[in-house]
Amino acid sequence: LYVSLVVNHVPMQTLIDTGASATCISDTALSRLHDIRYLDRLPRSFLLADGFVPLQIRGKVELSVHIAHQSLVVPALVTEHLCVDLILGI
């Protein structure tokens, strides 16, 4: 499901992924945000659901995501490339 959500007061193209175990934000989208709180800056790698494609992570941030007049604090992994600004894993 593709939607536009407001993240840290900035509109973002978002993929809501019910099969994802984590939320990810692209470096490009992160560069548009202000007042970013890093939870860590540890580089790491994960395999995607296909078991073959690695996802390179540059750290973890805390985001404020606005959905239906509610503000949710969501931890997100920072990665270089995504097909959208944000993948919201639920």
# chains A, B, ... in the order shown; residues from 1 in each chain; ligands from 1
>>> select_by_dssp(residues="chain A", states="strand (DSSP E or B)", output="MDAnalysis selection string")
chainID A and resid 2:7 10:17 24:26 37:40 44:47 54:67 70:79 86:89
>>> residues_around(residues="Gln13 in chain A", least_positions_apart="5", cutoff="10 Å", atoms="only C-alpha atoms", output="list in words")
Tyr2, Val3, Ser4, Leu5, Val6, Val7, Ala29, Cys83, Val84, Asp85, Leu86 and Ile87 of chain A
>>> residues_around(residues="Arg44 in chain A", least_positions_apart="3", cutoff="8 Å", atoms="only C-alpha atoms", output="list in words")
Gln56, Ile57, Arg58 and Gly59 of chain A
>>> closest_residue(among="A:Asn8, A:Phe52, A:Ser45, A:Asp27", to="Val73 in chain A", atoms="only C-alpha atoms")
A:Asn8
>>> residues_around(residues="His9 in chain A", least_positions_apart="2", cutoff="10 Å", atoms="only C-alpha atoms", output="ChimeraX atom specification")
/A:5-7,11-12,33-34,64-66
>>> write_last_selection(atoms="N, CA, C and O atoms", output="PDB file, in the first residue's frame")
ATOM      1  N   LEU A   5       2.773  10.080   3.794  1.00  0.00           N
ATOM      2  CA  LEU A   5       2.700  10.326   5.227  1.00  0.00           C
ATOM      3  C   LEU A   5       3.595  11.501   5.579  1.00  0.00           C
ATOM      4  O   LEU A   5       4.557  11.794   4.869  1.00  0.00           O
ATOM      5  N   VAL A   6       3.284  12.153   6.684  1.00  0.00           N
ATOM      6  CA  VAL A   6       4.127  13.239   7.176  1.00  0.00           C
ATOM      7  C   VAL A   6       5.074  12.661   8.218  1.00  0.00           C
ATOM      8  O   VAL A   6       4.643  12.077   9.212  1.00  0.00           O
ATOM      9  N   VAL A   7       6.370  12.820   7.958  1.00  0.00           N
ATOM     10  CA  VAL A   7       7.411  12.300   8.831  1.00  0.00           C
ATOM     11  C   VAL A   7       8.283  13.476   9.266  1.00  0.00           C
ATOM     12  O   VAL A   7       8.842  14.177   8.411  1.00  0.00           O
ATOM     13  N   PRO A  11       6.359  15.737   4.129  1.00  0.00           N
ATOM     14  CA  PRO A  11       5.630  14.683   3.409  1.00  0.00           C
ATOM     15  C   PRO A  11       6.599  13.685   2.772  1.00  0.00           C
ATOM     16  O   PRO A  11       7.611  14.082   2.197  1.00  0.00           O
ATOM     17  N   MET A  12       6.277  12.400   2.890  1.00  0.00           N
ATOM     18  CA  MET A  12       7.125  11.336   2.344  1.00  0.00           C
ATOM     19  C   MET A  12       6.272  10.306   1.623  1.00  0.00           C
ATOM     20  O   MET A  12       5.209   9.926   2.113  1.00  0.00           O
ATOM     21  N   LEU A  33      15.004  15.855   6.318  1.00  0.00           N
ATOM     22  CA  LEU A  33      14.433  16.025   7.658  1.00  0.00           C
ATOM     23  C   LEU A  33      15.324  16.879   8.546  1.00  0.00           C
ATOM     24  O   LEU A  33      16.537  16.947   8.347  1.00  0.00           O
ATOM     25  N   HIS A  34      14.685  17.506   9.540  1.00  0.00           N
ATOM     26  CA  HIS A  34      15.398  18.295  10.543  1.00  0.00           C
ATOM     27  C   HIS A  34      15.226  17.610  11.899  1.00  0.00           C
ATOM     28  O   HIS A  34      14.323  16.808  12.091  1.00  0.00           O
ATOM     29  N   SER A  64       9.174  10.691  13.792  1.00  0.00           N
ATOM     30  CA  SER A  64       7.812  11.001  14.217  1.00  0.00           C
ATOM     31  C   SER A  64       6.916  10.898  12.985  1.00  0.00           C
ATOM     32  O   SER A  64       7.015  11.711  12.067  1.00  0.00           O
ATOM     33  N   VAL A  65       6.077   9.867  12.951  1.00  0.00           N
ATOM     34  CA  VAL A  65       5.215   9.603  11.798  1.00  0.00           C
ATOM     35  C   VAL A  65       3.785   9.981  12.167  1.00  0.00           C
ATOM     36  O   VAL A  65       3.261   9.540  13.189  1.00  0.00           O
ATOM     37  N   HIS A  66       3.168  10.824  11.322  1.00  0.00           N
ATOM     38  CA  HIS A  66       1.799  11.279  11.577  1.00  0.00           C
ATOM     39  C   HIS A  66       0.816  10.484  10.723  1.00  0.00           C
ATOM     40  O   HIS A  66       0.896  10.495   9.496  1.00  0.00           O
TER      41      HIS A  66
END
>>> residues_around(residues="Thr23 in chain A", least_positions_apart="3", cutoff="10 Å", atoms="only C-alpha atoms", output="PyMOL selection string")
chain A and resi 15-17+20+60+63+74-78+86-90
>>> select_by_dssp(residues="range 10-53 of chain A", states="alpha helix (DSSP H)", output="MDAnalysis selection string")
chainID A and resid 27:30
>>> residues_around(residues="Pro54 in chain A", least_positions_apart="3", cutoff="12 Å", atoms="only C-alpha atoms", output="ChimeraX atom specification")
/A:44-51,57,79-81
>>> write_last_selection(atoms="C-alpha atoms", output="JSON list (two decimals), in the first residue's frame")
[["chain", "number", "residue", "atom", "x", "y", "z"],
["A", 44, "ARG", "CA", 25.34, -3.58, 9.36],
["A", 45, "SER", "CA", 23.76, -5.73, 6.69],
["A", 46, "PHE", "CA", 20.54, -7.75, 6.48],
["A", 47, "LEU", "CA", 19.22, -10.12, 3.87],
["A", 48, "LEU", "CA", 15.88, -9.28, 2.31],
["A", 49, "ALA", "CA", 13.02, -11.78, 2.37],
["A", 50, "ASP", "CA", 14.33, -13.53, -0.74],
["A", 51, "GLY", "CA", 17.36, -14.64, 1.30],
["A", 57, "ILE", "CA", 22.26, -0.26, 6.94],
["A", 79, "THR", "CA", 19.78, 2.67, 4.05],
["A", 80, "GLU", "CA", 21.20, 4.09, 0.85],
["A", 81, "HIS", "CA", 18.60, 3.01, -1.72]]
>>> atom_distance(atom1="CA of Leu39 in chain A", atom2="CA of Val61 in chain A")
5.2 Å
